[in-house]
Amino acid sequence: MDMREGTELRTASKETNSIDEIKYELALAYRIMANEGVVDTFGHVSARHPERPDRYFMSRSRAPELVEPNDLVEYDLDSVPVSPSNLAPYSERVIHGEIYKARPDVMAVCHHHAEAFMPLIVTKRDYVPVVHLGSVGGQDLPWWDQRAKFGDTNYLVVNPEEGASLAEALGDKMMVLMNRHGVTVAGTSLIDLTFRCVYSCRNAEFQRLAELSGEIDPLSQGDVDAGSSDGGMTTGHMRAWEHWTVRLQKDNWLPPRP
Ligand SMILES: [Zn+2]
């Protein structure tokens, strides 16, 4: 057995704060999000710097399934690289920088166009938690319409003003729905973010399929509050992270160590 396997499979935790570990877990989160259907060629994930809250890490412009620690670039909150880099960046990185600026509690961000969500997005139907794990997405989520705010658009969020407007729409929620575009999700850690992304996608799919079958009996606000009150680590979070990691390991597709 590879001596590193135990390390690869260890679960992310709040105690994870070494820069190398955060970078490895961010690369792992990219691959998990791809493997679980949250992102495809597009979509991106970032993590706030564990020691410098005014900085964050994000991959160079690359398909999430391929991201490795050496692809990660360190940005300030204006989404400018801290060190000169010739790696092409994601054009939408301001989404991340502006949310970190507006929300000190947010430690990780994902922007995606997951297939599970797109029927809701294009019909402007609200996300409704229909099963208990769907509570992680929250209730009464805000919408953000780039065209209504800034005129006709290619729907890429590239200017700081656009990123700040999106962050303002997010408010104190953990997800914001983007008309004709996708979803942006916040997390209190990388694993919290990944759990929220994966299970809100599952819920969105259940919601959509259930609407075809009959009337939905959704969670109440109290149910959602009870199900999402613990923003920290739970055994469920760790069980999920280990499960997602072993699924990559079976395909021999864990990110390489630098
Ligand atoms: Zn996008």
# chains A, B, ... in the order shown; residues from 1 in each chain; ligands from 1

$ residues_near_ligand --ligand "ligand 1" --cutoff "12 Å" --atoms "only C-alpha atoms and all ligand atoms" --output "PyMOL selection string"
chain A and resi 39-45+90-96+110-114+118+146+154-158+163+166+177-185

$ select_by_dssp --residues "segment 64-212 of chain A" --states "helix (DSSP H, G or I)" --output "PyMOL selection string"
chain A and resi 64-66+69-71+94-102+118-123+132-137+146-150+160-170+190-212

$ closest_residue --among "A:Gln221, A:Asn252, A:Ser213, A:Ser189" --to "Glu25 of chain A" --atoms "only C-alpha atoms"
A:Ser189

$ residues_around --residues "Pro50 of chain A" --least-positions-apart "3" --cutoff "9 Å" --atoms "only C-alpha atoms" --output "MDAnalysis selection string"
chainID A and resid 16:19 22 47 53 55:56 107

$ select_by_dssp --residues "segment 22-217 of chain A" --states "strand (DSSP E or B)" --output "PyMOL selection string"
chain A and resi 44-48+55-60+72-76+81+89+108-112+143-144+175-178+182-187

$ atom_distance --atom1 "atom CA of Ser61 of chain A" --atom2 "atom CA of Ile32 of chain A"
17.2 Å

$ closest_residue --among "A:Arg208, A:Arg202, A:Arg62, A:His243" --to "Thr123 of chain A" --atoms "only C-alpha atoms"
A:Arg208

$ closest_atom_pairs --of "segment 183-209 of chain A" --to "segment 135-139 of chain A" --cutoff "12 Å" --atoms "only C-alpha atoms" --output "Markdown table"
| residue | atom | partner | partner_atom | distance |
| --- | --- | --- | --- | --- |
| A:Val183 | CA | A:Gly137 | CA | 11.0 |
| A:Thr184 | CA | A:Gly137 | CA | 11.0 |
| A:Val185 | CA | A:Gly137 | CA | 8.6 |
| A:Ala186 | CA | A:Gly137 | CA | 9.9 |
| A:Gly187 | CA | A:Val136 | CA | 10.3 |
| A:Asp192 | CA | A:Val136 | CA | 9.2 |
| A:Leu193 | CA | A:Val136 | CA | 9.6 |
| A:Thr194 | CA | A:Val136 | CA | 10.6 |
| A:Phe195 | CA | A:Val136 | CA | 7.9 |
| A:Arg196 | CA | A:Val136 | CA | 5.4 |
| A:Cys197 | CA | A:Gly137 | CA | 7.8 |
| A:Val198 | CA | A:Val136 | CA | 9.7 |
| A:Tyr199 | CA | A:Val136 | CA | 7.1 |
| A:Ser200 | CA | A:Gly137 | CA | 5.2 |
| A:Cys201 | CA | A:Gly137 | CA | 8.8 |
| A:Arg202 | CA | A:Gly137 | CA | 10.4 |
| A:Asn203 | CA | A:Gly137 | CA | 8.5 |
| A:Ala204 | CA | A:Gly137 | CA | 9.5 |
